[in-house]
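Comments concern the structure below.
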Amino acid sequence: MTDEIYEYFLYDGRQHVSMASLPNMAQRTVTIGGYSKTFSVTGWRIGYSVAAEPWTRAIGAMNDLLYVCAPAPLQMGVTCGIRELSDDFYGSLARDYQQKRDKFCSALTKAGLTPSIPEGAYYVLADVSWLPGDTGKARSMYLLEKTGVAGVPGEAFFAGQKGKNFIRFSYAKTDADLDEACRRLTEAGL
């Protein structure tokens, strides 16, 4: 199973390669994708799966029993986006989010919060091990109180104790909000 929801959010010239497109993988792969991230409609929860016929029957049966479909107007909105947006729209996503990534990671670095520079998506993990607190939550709360910038404690993404040393941030923000977060981080004097 592959989650390819961020296929258009790749940076530094990287190109998406679907697992199912590799030799002998189409029959063995269930590809899951969607439009929530690409069209900035995360609450709409509209996605898709692509798989060989035996898998699609099982997926269809499970979907019918466990999931309620997105409202028709939302499905129509996504359909309109698929049909009408040019290839440049998808290329601009990567360019725009790479600029956001670079700006935000630079601010994290200036604040002393060493980022793991992401190659895709729109989240970044930063090392906060030197901030006060024994847990990622305590460190996240310290940073929030000191700067007004919120992040998710690393324990949400790691098994064991390693997560307490990281905070995950999203830079899927307006330019104005991202600029303000960068200003707050760099001027906080952490």
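Lettering and numbering for the structure tokens are positional, with chains as A, B, ... in the shown order, residues counted from 1 in each chain, and ligands counted from 1 in the shown order.
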
**OP:** For Pro73 of chain A, please output as a PyMOL selection string all residues within 12 Å (counting only C-alpha atoms; exclusion window: fewer than 6 positions along the same chain).
**Re:** chain A and resi 44+46+79-80

So that each row is one residue of segment 35-116 of chain A with an atom at most 10 Å from segment 10-28 of chain A, can you give its shortest atom pair and the distance in Å to one decimal, using only C-alpha atoms, rows by chain and rising number, as CSV?
residue,atom,partner,partner_atom,distance
A:Val50,CA,A:Ala20,CA,9.0
A:Ala51,CA,A:Gln27,CA,7.1
A:Ala52,CA,A:Gln27,CA,5.3
A:Glu53,CA,A:Gln27,CA,8.7
A:Pro54,CA,A:Gln27,CA,9.4
A:Trp55,CA,A:Gln27,CA,9.1
A:Gly91,CA,A:Leu10,CA,9.5
A:Leu93,CA,A:Leu10,CA,8.8
A:Ala94,CA,A:Leu10,CA,5.7
A:Arg95,CA,A:Tyr11,CA,7.4
A:Asp96,CA,A:Tyr11,CA,9.8
A:Tyr97,CA,A:Tyr11,CA,8.1
A:Gln98,CA,A:Tyr11,CA,5.8
A:Gln99,CA,A:Tyr11,CA,9.4
A:Arg101,CA,A:Tyr11,CA,9.2

Subject >> Those of chain A in DSSP helix (DSSP H, G or I), formatted as an NGL selection string >> reply: :A and (19-21 or 26-28 or 42-44 or 53-66 or 72-84 or 87-110 or 136-147 or 154-156 or 162-165 or 175-187)

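The space between atom CA of Ser92 of chain A and atom CA of Phe9 of chain A spans 9.5 Å.
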
Original post:
Which is closest to Leu185 of chain A among A:Asp3, A:Glu119, A:Glu145, A:Asp64, if we use only C-alpha atoms?
Top reply: A:Glu145

Subject >> DSSP strand (DSSP E) selection over chain A, as a PyMOL selection string >> reply: chain A and resi 2-3+31-34+47-50+115-116+123-127+152-153+166-170

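Proximity to Val78 of chain A at 12 Å, evaluated using only C-alpha atoms and with sequence-adjacent residues fewer than 2 positions away removed, yields A:Gly34, A:Tyr35, A:Ser36, A:Lys37, A:Thr38, A:Phe39, A:Ser40, A:Val41, A:Thr42, A:Trp44, A:Arg45, A:Ile46, A:Gly47, A:Tyr48, A:Ala70, A:Pro71, A:Ala72, A:Pro73, A:Leu74, A:Gln75, A:Met76, A:Cys80, A:Gly81, A:Ile82, A:Arg83, A:Glu84, A:Leu85.
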
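When only C-alpha atoms are used to measure the gap to Arg184 of chain A, the shortest distance among A:Arg168, A:Lys162, A:Arg139, A:Lys110 belongs to A:Lys110.
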
Determine, counting only C-alpha atoms, which protein, DNA and RNA residues have an atom within 10 Å of an atom of segment 121-128 of chain A; residues of the same chain fewer than 2 positions away are not included. Present the result as a compact mmCIF listing (two decimals) with N, CA and C atoms, in the first residue's frame.
# COMPACT_ATOMS: atom_id res chain seq x y z
N ILE A 5 -0.42 10.95 -1.35
CA ILE A 5 -1.18 12.19 -1.22
C ILE A 5 -0.32 13.43 -1.49
N TYR A 6 0.99 13.33 -1.27
CA TYR A 6 1.87 14.49 -1.47
C TYR A 6 2.64 14.41 -2.79
N GLU A 7 2.09 13.76 -3.80
CA GLU A 7 2.83 13.54 -5.04
C GLU A 7 3.24 14.83 -5.74
N TYR A 8 2.54 15.93 -5.51
CA TYR A 8 2.89 17.19 -6.16
C TYR A 8 3.72 18.11 -5.27
N PHE A 9 4.04 17.66 -4.08
CA PHE A 9 4.81 18.46 -3.13
C PHE A 9 6.22 17.88 -3.00
N LEU A 10 6.97 17.93 -4.06
CA LEU A 10 8.35 17.44 -4.08
C LEU A 10 9.26 18.59 -4.44
N TYR A 11 10.46 18.62 -3.82
CA TYR A 11 11.33 19.78 -3.93
C TYR A 11 12.67 19.43 -4.55
N LYS A 37 -4.85 17.73 -0.10
CA LYS A 37 -3.65 18.54 0.02
C LYS A 37 -3.42 19.36 -1.25
N ALA A 94 4.77 22.84 -6.13
CA ALA A 94 6.11 22.46 -5.67
C ALA A 94 6.99 23.70 -5.51
N TYR A 97 5.70 25.82 -2.41
CA TYR A 97 5.95 25.19 -1.12
C TYR A 97 7.44 25.01 -0.85
N GLN A 98 8.25 24.89 -1.87
CA GLN A 98 9.69 24.85 -1.65
C GLN A 98 10.15 26.20 -1.09
N LYS A 100 8.31 28.24 0.71
CA LYS A 100 7.84 28.26 2.09
C LYS A 100 8.76 27.42 2.97
N ARG A 101 9.11 26.24 2.48
CA ARG A 101 10.02 25.36 3.24
C ARG A 101 11.33 26.07 3.53
N PHE A 104 10.92 28.92 6.10
CA PHE A 104 10.64 28.47 7.46
C PHE A 104 11.84 27.73 8.05
N CYS A 105 12.49 26.89 7.26
CA CYS A 105 13.66 26.17 7.77
C CYS A 105 14.79 27.13 8.10
N LEU A 108 13.90 28.55 11.47
CA LEU A 108 14.17 27.56 12.51
C LEU A 108 15.66 27.50 12.82
N THR A 109 16.48 27.49 11.79
CA THR A 109 17.94 27.44 11.96
C THR A 109 18.42 28.66 12.74
N GLY A 112 17.91 28.41 16.31
CA GLY A 112 18.63 27.34 16.98
C GLY A 112 17.89 26.02 17.03
N LEU A 113 16.82 25.91 16.25
CA LEU A 113 16.01 24.69 16.19
C LEU A 113 16.34 23.98 14.88
N THR A 114 17.32 23.13 14.90
CA THR A 114 17.85 22.51 13.68
C THR A 114 16.77 21.69 12.98
N PRO A 115 16.42 22.08 11.73
CA PRO A 115 15.40 21.33 11.01
C PRO A 115 15.98 20.16 10.23
N SER A 116 15.16 19.12 10.06
CA SER A 116 15.45 18.06 9.09
C SER A 116 14.78 18.52 7.81
N ILE A 117 15.57 18.96 6.85
CA ILE A 117 15.03 19.57 5.64
C ILE A 117 14.22 18.53 4.85
N PRO A 118 12.92 18.76 4.71
CA PRO A 118 12.10 17.78 3.99
C PRO A 118 12.29 17.86 2.48
N GLU A 119 12.15 16.72 1.83
CA GLU A 119 12.24 16.64 0.36
C GLU A 119 10.86 16.73 -0.27
N TRP A 130 17.34 20.86 23.22
CA TRP A 130 17.96 21.77 24.18
C TRP A 130 16.96 22.71 24.85
N LEU A 131 15.69 22.69 24.39
CA LEU A 131 14.68 23.53 25.03
C LEU A 131 14.30 22.94 26.40
N PRO A 132 13.84 23.77 27.32
CA PRO A 132 13.42 23.26 28.63
C PRO A 132 12.28 22.26 28.51
N GLY A 133 12.31 21.25 29.35
CA GLY A 133 11.25 20.26 29.40
C GLY A 133 11.78 18.86 29.20
N GLY A 136 8.34 16.13 24.62
CA GLY A 136 8.05 16.96 23.46
C GLY A 136 6.91 17.91 23.73
N ARG A 139 8.23 20.82 25.73
CA ARG A 139 9.04 21.68 24.86
C ARG A 139 8.16 22.45 23.88
N SER A 140 7.13 21.79 23.35
CA SER A 140 6.19 22.47 22.46
C SER A 140 5.46 23.59 23.19
N LEU A 143 7.83 26.55 23.71
CA LEU A 143 8.00 27.31 22.47
C LEU A 143 6.74 28.13 22.16
N GLY A 151 3.55 23.82 17.41
CA GLY A 151 3.99 22.64 16.71
C GLY A 151 3.47 21.41 17.43
N VAL A 152 3.60 20.27 16.80
CA VAL A 152 3.11 19.02 17.37
C VAL A 152 4.29 18.28 17.99
N PRO A 153 4.15 17.85 19.25
CA PRO A 153 5.25 17.12 19.90
C PRO A 153 5.66 15.90 19.10
N GLY A 154 6.94 15.64 19.06
CA GLY A 154 7.50 14.55 18.28
C GLY A 154 7.04 13.17 18.70
N PHE A 157 4.93 10.99 16.50
CA PHE A 157 5.46 10.42 15.26
C PHE A 157 6.55 9.38 15.47
N GLY A 163 11.16 10.79 20.18
CA GLY A 163 10.24 11.85 19.80
C GLY A 163 10.28 13.07 20.69
N LYS A 164 10.66 12.90 21.93
CA LYS A 164 10.67 14.04 22.85
C LYS A 164 11.65 15.13 22.43
N ASN A 165 12.54 14.81 21.52
CA ASN A 165 13.55 15.76 21.07
C ASN A 165 13.14 16.54 19.82
N PHE A 166 11.90 16.33 19.35
CA PHE A 166 11.48 16.96 18.10
C PHE A 166 10.10 17.59 18.23
N ILE A 167 9.89 18.59 17.40
CA ILE A 167 8.57 19.18 17.20
C ILE A 167 8.34 19.19 15.69
N ARG A 168 7.12 18.86 15.28
CA ARG A 168 6.77 18.93 13.86
C ARG A 168 5.96 20.19 13.62
N PHE A 169 6.37 20.94 12.61
CA PHE A 169 5.69 22.16 12.22
C PHE A 169 5.11 21.98 10.82
N SER A 170 4.02 22.68 10.55
CA SER A 170 3.47 22.76 9.21
C SER A 170 3.76 24.14 8.66
N TYR A 171 4.21 24.19 7.42
CA TYR A 171 4.39 25.48 6.77
C TYR A 171 3.37 25.68 5.65
N ALA A 172 2.26 24.98 5.73
CA ALA A 172 1.15 25.17 4.80
C ALA A 172 0.31 26.34 5.31
N LYS A 173 0.88 27.51 5.24
CA LYS A 173 0.27 28.73 5.78
C LYS A 173 0.28 29.81 4.71

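With atom CA of Ala107 of chain A on one side and atom CA of Arg183 of chain A on the other, the separation reads 7.6 Å.
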
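Here atom CA of Met62 of chain A stands at a distance of 14.6 Å from atom CA of Ile32 of chain A.
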